[in-house]
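> To start, I am sharing the structure in question, which I have written as structure tokens.
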Amino acid sequence: MPLVHREARRVYARLSESADERNAAGLVELIRGRGGRISVRELMRTGSQRYPDVAAAELALARLVDLGLGRWIESCKEKLTG
């Protein structure tokens with residue numbers, strides 16, 4: 001299939017998505033661009049006004065989990081003392 005046809009299909013598929021689906025797809029793209037992982041704090045620091053606080057960032061990430069597009073990974077960072 002020529003590139004023009006593939007791109008047209010991609011664009012039309014994107015136009016038929018709901019706002020929630022577009023937001024989820026955009027968030028997945030953001031996370032993939034960061035190596036496939038992102039913390040709540042990192043999401044808040046992306047500069048997007050969609051995630052101004054912990055609650056908004058956690059809700060967005062939880063939505064990806066609910067859609068089967070992600071999973072939670074608990075981080076265990078040790079405090080280093082001097």
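Ligands are numbered from 1 in the order shown, residues from 1 within each chain, and chains are lettered A, B, ... in the order they appear in the structure tokens.
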Give me, as a Markdown table, the closest atom pair and its distance (Å, one decimal) for every residue of region 15-36 of chain A within a cut-off of 9 Å of region 59-71 of chain A, counting only C-alpha atoms, rows sorted by chain and rising number.


| residue | atom | partner | partner_atom | distance |
| --- | --- | --- | --- | --- |
| A:Asn23 | CA | A:Ala60 | CA | 8.8 |
| A:Ala24 | CA | A:Leu64 | CA | 6.5 |
| A:Leu27 | CA | A:Ala60 | CA | 8.2 |
| A:Val28 | CA | A:Leu69 | CA | 7.7 |

> Please produce a file of those selected residues containing N, CA, C and O atoms, as a compact mmCIF listing (two decimals), in the first residue's frame.


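Heads up, here's the output in out.txt:
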# COMPACT_ATOMS: atom_id res chain seq x y z
N ASN A 23 -6.82 11.64 23.67
CA ASN A 23 -5.99 11.96 24.83
C ASN A 23 -5.14 10.77 25.24
O ASN A 23 -3.96 10.91 25.53
N ALA A 24 -5.76 9.59 25.25
CA ALA A 24 -5.02 8.38 25.61
C ALA A 24 -3.92 8.10 24.59
O ALA A 24 -2.79 7.77 24.96
N LEU A 27 -1.08 10.50 25.08
CA LEU A 27 -0.30 10.16 26.26
C LEU A 27 0.59 8.94 26.01
O LEU A 27 1.75 8.92 26.41
N VAL A 28 0.06 7.96 25.30
CA VAL A 28 0.87 6.79 24.94
C VAL A 28 2.07 7.21 24.09
O VAL A 28 3.20 6.77 24.31

> If you run DSSP on the backbone, which residues of chain A are alpha helix (DSSP H), as a PyMOL selection string?

chain A and resi 3-15+19-33+40-44+54-66

> Could you tell me which of A:Asp53, A:Arg10, A:Arg22, A:Ile73 comes closest to Ile38 (chain A) if we count only C-alpha atoms?

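Among the listed residues, the smallest separation from Ile38 (chain A) belongs to A:Ile73.
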
> Taking only C-alpha atoms into account, which of A:Ala8, A:Ala57, A:Ala19, A:Met1 comes nearest Ser39 (chain A)?

A:Ala57

> Write out as a short mmCIF file (atom, residue, chain, number, x, y, z; two decimals) with N, CA, C and O atoms, in the first residue's frame which residues come within 12 Å of Pro52 (chain A) when counting only C-alpha atoms, dropping same-chain ones fewer than 5 positions away.


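Wrote part37.cif, looks like this:
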data_model
loop_
_atom_site.label_atom_id
_atom_site.label_comp_id
_atom_site.auth_asym_id
_atom_site.auth_seq_id
_atom_site.Cartn_x
_atom_site.Cartn_y
_atom_site.Cartn_z
N VAL A 40 4.54 9.77 37.70
CA VAL A 40 3.50 10.78 37.88
C VAL A 40 4.16 12.16 37.88
O VAL A 40 3.71 13.09 37.20
N ARG A 41 5.26 12.29 38.61
CA ARG A 41 5.96 13.58 38.68
C ARG A 41 6.48 14.00 37.30
O ARG A 41 6.36 15.16 36.91
N GLU A 42 7.04 13.06 36.54
CA GLU A 42 7.53 13.39 35.20
C GLU A 42 6.39 13.85 34.29
O GLU A 42 6.56 14.78 33.51
N LEU A 43 5.25 13.19 34.41
CA LEU A 43 4.09 13.58 33.60
C LEU A 43 3.66 15.01 33.95
O LEU A 43 3.36 15.80 33.06
N MET A 44 3.67 15.33 35.22
CA MET A 44 3.30 16.68 35.64
C MET A 44 4.28 17.71 35.09
O MET A 44 3.90 18.84 34.81
N ARG A 45 5.53 17.33 34.91
CA ARG A 45 6.57 18.26 34.45
C ARG A 45 6.70 18.33 32.93
O ARG A 45 7.61 18.98 32.44
N THR A 46 5.83 17.69 32.19
CA THR A 46 5.92 17.71 30.73
C THR A 46 5.54 19.06 30.15
O THR A 46 5.73 19.29 28.95
N GLY A 47 5.02 19.93 30.97
CA GLY A 47 4.62 21.24 30.48
C GLY A 47 3.17 21.28 30.02
O GLY A 47 2.66 22.32 29.64
N ALA A 57 -2.55 13.70 37.01
CA ALA A 57 -1.57 12.82 36.36
C ALA A 57 -1.89 11.35 36.67
O ALA A 57 -1.86 10.50 35.77
N GLU A 58 -2.19 11.06 37.92
CA GLU A 58 -2.53 9.68 38.30
C GLU A 58 -3.79 9.21 37.58
O GLU A 58 -3.86 8.06 37.14
N LEU A 59 -4.78 10.07 37.47
CA LEU A 59 -6.02 9.72 36.79
C LEU A 59 -5.76 9.38 35.32
O LEU A 59 -6.29 8.40 34.80
N ALA A 60 -4.94 10.19 34.66
CA ALA A 60 -4.62 9.94 33.24
C ALA A 60 -3.89 8.62 33.07
O ALA A 60 -4.19 7.83 32.17
#

> Please compute the CA of Ala25 (chain A)-CA of Pro2 (chain A) distance, one decimal, in Å.

24.1 Å

> Between CA of Arg9 (chain A) and CA of Arg32 (chain A), what distance in Å does the model show, to one decimal?

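Here the two named atoms are 21.7 Å from each other.
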
> Just give me the gap between CA of Glu74 (chain A) and CA of Arg37 (chain A) in Å, one decimal is fine.

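Value for the CA of Glu74 (chain A)-CA of Arg37 (chain A) distance: 11.7 Å.
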